[in-house]
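Q: Have a look at this one before I ask anything.
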Amino acid sequence: MMRKGGFTALRSSVLPVDCPPARVVFAFALLMISSTGNTAGRPPVSAAPPIAQLTLDWPALAERVVQHLALVPGERVLSLCAGDRFQREFEPHLRYAVMKAGGVDLGCLEVLAEPLPQAFDPQVIQRGTSPAREALRGVLRDVDAAVMLAGAAPKHPAYAALQDLLRQGNSARRTVHFHWEGGGQPSAVAIAGQPLPPQHLIDAVYQRAVLREDCAAIGAAQRRVEAALRRGEVRVKTPLGTDLRFRVGDRPMNLQDGDASAARARTAKVLVDREVELPCGVLRVAPLEESVSGIIAYPVTQWDGRPVEGLKLHFEKGRVTRIEAAAGREAVEAALRSGGPGSEAFREFALGFNPELAVPERNPWIPYYGYGSGVVRLALGDNTELGGNVTSGRPRWWDLFVDTTVSVGDTVLVRSGKLTGP
């Protein structure tokens with residue numbers, strides 16, 4: 001009896017049943033040579049996956065961060081760390097680069113990194129947050145610039161205290177956000193049906209972006225688009241059915257062009273103007289709330305920790321007025337309720353410009369929070385950090401769209417996910 005899946009079954013499918021044993025052995029040898037390519041003088045072809053290789057150039061990355069800070073001699077620089085590889089491998093080079101530039105190195109302030117031990121009572125952590133934030137405002141008052149590394153997030157008292165200080169009027173105080181991972185939502189976003197690349201490939205893209213990006217050219221392109229957006233009604237469309245309209249009026253626009261200098265900080269209009277992202281590349285604005293109307297149609301997405309399919313949110317005067325979904329509508333409703341009043345309000349429009357962070361054609365994924373060329377963010381919730389009037393509601397800012405067409409009148413700014421002008 002022939003054994004399924006074994007050599008006998010393979011033989012029966014290739015050779016005549018009455019083939020003599022000697023011919024069977026010879027034919028099988030030929031079959032193995034043919035199938036493996038193991039000819040004389042040539043080793044067999046390996047089926048092993050490629051070896052993961054990456055060398056992060058921490059000294060060069062540190063130099064670039066300090067270049068963007070444009071330190072004035074004597075400025076005091078602090079890092080916020082979380083006990084990960086950025087603290088171990090990057091932060092010493094950052095401190096050295098600060099000293100080389102004439103800055104005063106204040107070292108690293110470590111936040112309470114997660115995950116926390118199971119034995120920790122979350123209520124104890126919550127009770128300790130407010131007094132720590134208040135005390136740290138006094139401790140950090142003399143910090144001129146801070147670098148927020150991976151793992152640091154606004155929920156941490158030190159981070160929140162620095163944000164409180166950034167909001168205090170016309171000053172040169174600023175922060176640079178250099179956090180590829182951790183500290184909230186992941187920076188790399190999967191496209192529905194496509195897996196994310198492994199971490200070393202994500203790191204390679206981000207390193208290349210920081211070391212090669214032309215933030216001055218990106219800033220010039222952002223200013224041209226800013227002028228176009230102010231000319232009239234903006235329209236955002238996608239093949240799934242998004243058709244959203246709004247006006248930006250004289251609302252401040254946050255241009256992430258890599259300028260983290262003291263001079264730039266003094267001209268800041270909103271909080272995020274003093275929170276400079278590296279890599280650079282996004283334009284952000286909170287439209288006039290009463291002008292927002294139309295539909296946002298989502299790909300397969302997640303709300304309240306559950307998948308939602310065929311979701312369409314209908315807006316009038318900046319608020320969700322109707323929810324459609326093929327599946328998961330109750331999850332959307334639950335998420336909006338749990339976020340509190342304002343969670344159903346339109347928050348912001350954002351457009352990416354960085355060509356080094358563009359969505360790749362092969363093995364596509366969305367790098368670094370949608371800062372890549374042509375990526376659009378349509379967000380909900382509190383938008384006060386952008387100068388908007390939605391003062392409550394949990395922000396939902398990670399919905400990114402890669403196939404939009406964005407226009408102002410007859411001027412097309414983005415066509416099918418590709419920047420076109422103006």
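Order determines the names: the first chain of the structure tokens is A, the second B, and so forth; residues in each chain are numbered 1 upward, and ligands are numbered 1 upward as they are shown.
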Could you name the residues that touch region 363-372 of chain A at 10 Å or less, counting only C-alpha atoms, but leaving out those on the same chain fewer than 6 positions away, as a PyMOL selection string?
A: chain A and resi 179-181+185-197+202+205-206+209+256+277-283+350-357+397-402
Q: Please provide as a PyMOL selection string all residues within 7 Å of region 141-146 of chain A, with the sequence filter that same-chain residues fewer than 5 positions apart are discarded (counting only C-alpha atoms).
A: chain A and resi 75-79+172-176
Q: Please produce an output containing N, CA and C atoms for each residue in the selection, written as a compact mmCIF listing (two decimals), in the first residue's frame.
A:
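Output (out07.txt):
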```txt
# COMPACT_ATOMS: atom_id res chain seq x y z
N GLU A 75 22.32 77.13 26.09
CA GLU A 75 20.97 76.60 26.23
C GLU A 75 21.00 75.24 26.91
N ARG A 76 20.02 75.03 27.78
CA ARG A 76 19.98 73.82 28.61
C ARG A 76 19.05 72.79 27.97
N VAL A 77 19.59 71.57 27.78
CA VAL A 77 18.88 70.54 27.03
C VAL A 77 18.70 69.29 27.89
N LEU A 78 17.46 68.81 27.96
CA LEU A 78 17.10 67.63 28.73
C LEU A 78 16.55 66.57 27.78
N SER A 79 16.76 65.30 28.13
CA SER A 79 16.11 64.20 27.40
C SER A 79 15.08 63.53 28.31
N ALA A 172 11.36 80.83 23.97
CA ALA A 172 12.17 80.02 23.07
C ALA A 172 12.13 78.55 23.45
N ARG A 173 11.34 78.21 24.47
CA ARG A 173 11.28 76.81 24.93
C ARG A 173 10.64 75.94 23.85
N ARG A 174 11.22 74.76 23.62
CA ARG A 174 10.68 73.85 22.60
C ARG A 174 11.11 72.42 22.90
N THR A 175 10.44 71.48 22.24
CA THR A 175 10.80 70.08 22.34
C THR A 175 10.94 69.48 20.95
N VAL A 176 11.80 68.49 20.85
CA VAL A 176 11.93 67.69 19.63
C VAL A 176 11.42 66.30 19.95
```
Q: From the options A:Ile323, A:Val359, A:Leu136, A:Ala260, which residue's atoms come nearest to Asp403 (chain A), counting only C-alpha atoms?
A: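 For Asp403 (chain A), the nearest of the candidates is A:Val359.
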Q: Please provide as a PyMOL selection string all residues within 12 Å of His156 (chain A), with the sequence filter that same-chain residues fewer than 4 positions apart are discarded (counting only C-alpha atoms).
A: chain A and resi 80-82+109-114+125-126+128-134+136+148+151-152+160-163+183-184
Q: Would you mind telling me which residue in A:Ala62, A:Cys108, A:Leu54, A:Leu71 lies nearest to Leu94 (chain A) when using only C-alpha atoms?
A: A:Ala62
Q: Write down as a ChimeraX atom specification the residues of region 24-211 of chain A whose backbone DSSP state falls under alpha helix (DSSP H).
A: /A:24-36,58-69,85,91-100,122-139,157-166,199-211
Q: Would you kindly return, as a VMD selection string, each protein, DNA or RNA residue with an atom no farther than 9 Å from any atom of Gly339 (chain A), considering only C-alpha atoms and excluding same-chain residues fewer than 4 positions away?
A: chain A and resid 334 to 335 343 to 344 381 392 to 395
Q: Which polymer residues have any atom within 9 Å of an atom of Ala60 (chain A), counting only C-alpha atoms, with same-chain residues fewer than 5 positions away left out, as JSON, numbers by chain?
A: {"A": [65, 93, 211]}
Q: Determine which residues of region 178-244 of chain A receive a DSSP assignment of strand (DSSP E or B), computed from the backbone, and state them as a list in words.
A: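 Residues of region 178-244 of chain A classed as strand (DSSP E or B): Phe178, Val189, Val234, Arg235, Val236, Lys237, Asp243 and Leu244 of chain A.
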Q: What does the file look like for those residues with N, CA and C atoms, as a PDB file, in the first residue's frame?
A:
```pdb
ATOM      1  N   PHE A 178      11.556  62.616  19.009  1.00  0.00           N
ATOM      2  CA  PHE A 178      12.384  61.658  18.287  1.00  0.00           C
ATOM      3  C   PHE A 178      12.057  60.280  18.845  1.00  0.00           C
ATOM      4  N   VAL A 189       1.907  52.147  10.513  1.00  0.00           N
ATOM      5  CA  VAL A 189       0.501  51.756  10.411  1.00  0.00           C
ATOM      6  C   VAL A 189       0.335  50.793   9.250  1.00  0.00           C
ATOM      7  N   VAL A 234     -12.080  73.437   0.803  1.00  0.00           N
ATOM      8  CA  VAL A 234     -11.242  72.260   0.557  1.00  0.00           C
ATOM      9  C   VAL A 234     -12.161  71.052   0.407  1.00  0.00           C
ATOM     10  N   ARG A 235     -11.832  70.190  -0.567  1.00  0.00           N
ATOM     11  CA  ARG A 235     -12.629  68.979  -0.776  1.00  0.00           C
ATOM     12  C   ARG A 235     -11.705  67.774  -0.751  1.00  0.00           C
ATOM     13  N   VAL A 236     -12.082  66.759   0.040  1.00  0.00           N
ATOM     14  CA  VAL A 236     -11.295  65.529   0.171  1.00  0.00           C
ATOM     15  C   VAL A 236     -12.174  64.365  -0.278  1.00  0.00           C
ATOM     16  N   LYS A 237     -11.687  63.583  -1.265  1.00  0.00           N
ATOM     17  CA  LYS A 237     -12.465  62.461  -1.789  1.00  0.00           C
ATOM     18  C   LYS A 237     -11.600  61.209  -1.836  1.00  0.00           C
ATOM     19  N   ASP A 243     -16.224  62.074   0.940  1.00  0.00           N
ATOM     20  CA  ASP A 243     -16.460  63.332   0.233  1.00  0.00           C
ATOM     21  C   ASP A 243     -16.701  64.394   1.299  1.00  0.00           C
ATOM     22  N   LEU A 244     -15.599  64.968   1.761  1.00  0.00           N
ATOM     23  CA  LEU A 244     -15.622  65.886   2.894  1.00  0.00           C
ATOM     24  C   LEU A 244     -15.225  67.282   2.424  1.00  0.00           C
TER      25      LEU A 244
END
```
Q: Excluding region 57-59 of chain A and any residue of its chain fewer than 5 positions from it, enumerate the residues within 12 Å of it, using only C-alpha atoms, and give them as an NGL selection string.
A: :A and (64-66 or 85-98 or 203-204 or 206-208 or 210-211)
Q: Keeping only N, CA and C atoms, write the selected residues to a file as a short mmCIF file (atom, residue, chain, number, x, y, z; two decimals), in the first residue's frame.
A:
```
data_model
loop_
_atom_site.label_atom_id
_atom_site.label_comp_id
_atom_site.auth_asym_id
_atom_site.auth_seq_id
_atom_site.Cartn_x
_atom_site.Cartn_y
_atom_site.Cartn_z
N ARG A 64 22.22 65.12 13.88
CA ARG A 64 21.13 65.70 13.11
C ARG A 64 20.07 66.33 14.03
N VAL A 65 19.74 65.66 15.13
CA VAL A 65 18.78 66.22 16.07
C VAL A 65 19.27 67.56 16.61
N VAL A 66 20.54 67.62 16.98
CA VAL A 66 21.09 68.86 17.53
C VAL A 66 21.17 69.95 16.46
N ARG A 85 16.21 51.00 24.22
CA ARG A 85 17.45 51.10 23.44
C ARG A 85 17.80 52.54 23.10
N PHE A 86 16.80 53.43 22.99
CA PHE A 86 17.12 54.82 22.71
C PHE A 86 17.91 55.43 23.87
N GLN A 87 17.52 55.08 25.09
CA GLN A 87 18.27 55.58 26.24
C GLN A 87 19.65 54.94 26.30
N ARG A 88 19.73 53.66 26.05
CA ARG A 88 21.01 52.96 26.18
C ARG A 88 21.98 53.31 25.05
N GLU A 89 21.46 53.36 23.81
CA GLU A 89 22.35 53.45 22.66
C GLU A 89 22.41 54.84 22.01
N PHE A 90 21.28 55.56 22.04
CA PHE A 90 21.25 56.86 21.37
C PHE A 90 21.57 58.01 22.30
N GLU A 91 21.02 57.98 23.50
CA GLU A 91 21.08 59.14 24.40
C GLU A 91 22.50 59.58 24.75
N PRO A 92 23.48 58.67 24.95
CA PRO A 92 24.85 59.15 25.19
C PRO A 92 25.40 59.98 24.03
N HIS A 93 25.10 59.59 22.81
CA HIS A 93 25.56 60.36 21.64
C HIS A 93 24.84 61.71 21.56
N LEU A 94 23.56 61.73 21.93
CA LEU A 94 22.83 62.99 21.95
C LEU A 94 23.45 63.96 22.96
N ARG A 95 23.74 63.47 24.14
CA ARG A 95 24.32 64.34 25.17
C ARG A 95 25.67 64.89 24.73
N TYR A 96 26.47 64.05 24.09
CA TYR A 96 27.77 64.49 23.59
C TYR A 96 27.60 65.55 22.50
N ALA A 97 26.63 65.33 21.60
CA ALA A 97 26.39 66.30 20.52
C ALA A 97 25.92 67.64 21.08
N VAL A 98 25.11 67.61 22.14
CA VAL A 98 24.67 68.85 22.78
C VAL A 98 25.88 69.61 23.33
N ASP A 203 13.02 50.63 11.11
CA ASP A 203 14.13 51.46 11.59
C ASP A 203 14.97 51.99 10.43
N ALA A 204 15.22 51.15 9.44
CA ALA A 204 16.04 51.57 8.31
C ALA A 204 15.38 52.71 7.54
N TYR A 206 13.23 54.93 8.78
CA TYR A 206 13.25 56.14 9.60
C TYR A 206 14.65 56.75 9.66
N GLN A 207 15.67 55.90 9.79
CA GLN A 207 17.03 56.43 9.79
C GLN A 207 17.33 57.14 8.47
N ARG A 208 16.98 56.51 7.37
CA ARG A 208 17.22 57.12 6.06
C ARG A 208 16.49 58.46 5.94
N VAL A 210 15.60 60.57 8.37
CA VAL A 210 16.24 61.61 9.20
C VAL A 210 17.54 62.10 8.58
N LEU A 211 18.32 61.19 8.04
CA LEU A 211 19.65 61.56 7.54
C LEU A 211 19.61 62.14 6.12
#
```
Q: Using only C-alpha atoms, determine which residues lie at most 9 Å from Gly241 (chain A), disregarding the query and same-chain residues fewer than 2 positions distant; provide the list as a compact mmCIF listing (two decimals) with N, CA and C atoms, in the first residue's frame.
A:
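Once written, result_37.txt looks like this:
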```
# COMPACT_ATOMS: atom_id res chain seq x y z
N LYS A 237 -11.69 63.58 -1.27
CA LYS A 237 -12.46 62.46 -1.79
C LYS A 237 -11.60 61.21 -1.84
N THR A 238 -12.24 60.04 -1.70
CA THR A 238 -11.55 58.76 -1.87
C THR A 238 -12.45 57.81 -2.66
N PRO A 239 -11.86 56.76 -3.26
CA PRO A 239 -12.67 55.79 -4.00
C PRO A 239 -13.71 55.08 -3.16
N ASP A 243 -16.22 62.07 0.94
CA ASP A 243 -16.46 63.33 0.23
C ASP A 243 -16.70 64.39 1.30
N ILE A 295 -18.90 63.30 4.19
CA ILE A 295 -18.75 61.91 4.61
C ILE A 295 -17.28 61.53 4.67
N ILE A 296 -16.91 60.79 5.71
CA ILE A 296 -15.64 60.07 5.74
C ILE A 296 -15.97 58.59 5.64
N ALA A 297 -15.44 57.92 4.61
CA ALA A 297 -15.62 56.48 4.42
C ALA A 297 -14.31 55.78 4.77
N TYR A 298 -14.35 54.86 5.71
CA TYR A 298 -13.16 54.22 6.24
C TYR A 298 -12.95 52.85 5.61
N LYS A 312 -19.11 54.60 7.42
CA LYS A 312 -19.22 55.96 6.88
C LYS A 312 -19.76 56.87 7.98
```
Q: Please report the interatomic distance between CA of Thr404 (chain A) and CA of Gly417 (chain A) in Å with one decimal.
A: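 CA of Thr404 (chain A) sits 5.0 Å away from CA of Gly417 (chain A).
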Q: In Å, with one decimal, what is the gap from CA of Ala220 (chain A) to CA of Asp410 (chain A)?
A: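 Pair CA of Ala220 (chain A) / CA of Asp410 (chain A) returns 21.5 Å.
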Q: Name the closest residue to Gly232 (chain A) among the candidates A:Gly294, A:Pro422, A:Gly409, A:Gly83; distances are taken between atoms, counting only C-alpha atoms.
A: A:Gly409
